[in-house]
Structures are given as structure tokens and as C-alpha cells.
Amino acid sequence: MKEKELGGDQLFADKNWMSDFIKAFNINSILRFILIDPSGNVVDADAARPSDLKLEQQLSSLVQKFNQNTHYLSH
């Protein structure tokens, strides 16, 4: 990965296409984006590509919900 200068988090699933991770998220292609919240919960197991406007909209919505929940918890 260093040789290819790949950015972001790059994960490798062992056991070929039979790993628990591959099966749990029904991954059937090499390129997959998974959106995970700060607590480690999977928000979207088949998220849009980073260049897709849908992802930006989804992230904005999640941030807004998070901010609302944080506001209610602090009062």
C-alpha cells in the first residue's frame, strides 16, 4: 500500500471471499465503501463513493442528527 500511495484506510479480508467480514456485509466486489460512525457502528455497509454527492448528503444528515442528539443530552 505504501508503494501505491493509497490514501484512507485500506482493509484486507483474509480467507479469500469466505472471511467473516466478507460474509457479514455481503461484499461481492473488490471496491466497497463502508460508513462507520465514531462508536464503531456500521451506518451504511454499501455507502456511496467519496466522489458521489449522495455521500456528502448522507454525512451532512448524520452530522445534523448527531448535533441534535448532543444538544438534547446536554440540557
# chains A, B, ... in the order shown; residues from 1 in each chain; ligands from 1
>>> select_by_dssp(residues="range 6-68 of chain A", states="strand (DSSP E or B)", output="list of chain:residue names")
A:Leu35, A:Ile36, A:Val42, A:Val43, A:Asp44
>>> write_last_selection(atoms="all heavy atoms", output="tab-separated table (two decimals), in the first residue's frame")
chain	number	residue	atom	x	y	z
A	35	LEU	N	-19.51	2.97	5.65
A	35	LEU	CA	-19.57	4.15	6.51
A	35	LEU	C	-19.73	3.68	7.95
A	35	LEU	O	-20.70	3.00	8.28
A	35	LEU	CB	-20.72	5.05	6.08
A	35	LEU	CG	-20.88	6.37	6.82
A	35	LEU	CD1	-19.62	7.21	6.72
A	35	LEU	CD2	-22.07	7.13	6.24
A	36	ILE	N	-18.79	4.04	8.81
A	36	ILE	CA	-18.77	3.62	10.21
A	36	ILE	C	-18.77	4.86	11.09
A	36	ILE	O	-17.99	5.79	10.86
A	36	ILE	CB	-17.53	2.76	10.50
A	36	ILE	CG1	-17.53	1.53	9.56
A	36	ILE	CG2	-17.48	2.34	11.95
A	36	ILE	CD1	-16.27	0.72	9.61
A	42	VAL	N	-21.72	0.28	12.14
A	42	VAL	CA	-21.84	0.40	10.69
A	42	VAL	C	-23.11	1.18	10.39
A	42	VAL	O	-24.21	0.79	10.76
A	42	VAL	CB	-21.89	-0.99	10.02
A	42	VAL	CG1	-22.16	-0.85	8.52
A	42	VAL	CG2	-20.57	-1.72	10.26
A	43	VAL	N	-22.95	2.33	9.75
A	43	VAL	CA	-24.07	3.18	9.36
A	43	VAL	C	-24.60	2.75	8.00
A	43	VAL	O	-25.80	2.70	7.77
A	43	VAL	CB	-23.63	4.67	9.31
A	43	VAL	CG1	-24.75	5.55	8.79
A	43	VAL	CG2	-23.18	5.13	10.68
A	44	ASP	N	-23.69	2.42	7.09
A	44	ASP	CA	-24.07	2.00	5.74
A	44	ASP	C	-23.01	1.03	5.23
A	44	ASP	O	-21.86	1.41	5.02
A	44	ASP	CB	-24.16	3.22	4.83
A	44	ASP	CG	-24.77	2.92	3.46
A	44	ASP	OD1	-24.85	1.73	3.09
A	44	ASP	OD2	-25.15	3.88	2.78
>>> closest_residue(among="A:Asp46, A:Asn67, A:Gly40, A:Lys15", to="Ile27 in chain A", atoms="only C-alpha atoms")
A:Asp46
>>> atom_distance(atom1="CA of Gly7 in chain A", atom2="CA of Asp52 in chain A")
17.4 Å
>>> atom_distance(atom1="CA of Asn69 in chain A", atom2="CA of Leu55 in chain A")
21.0 Å
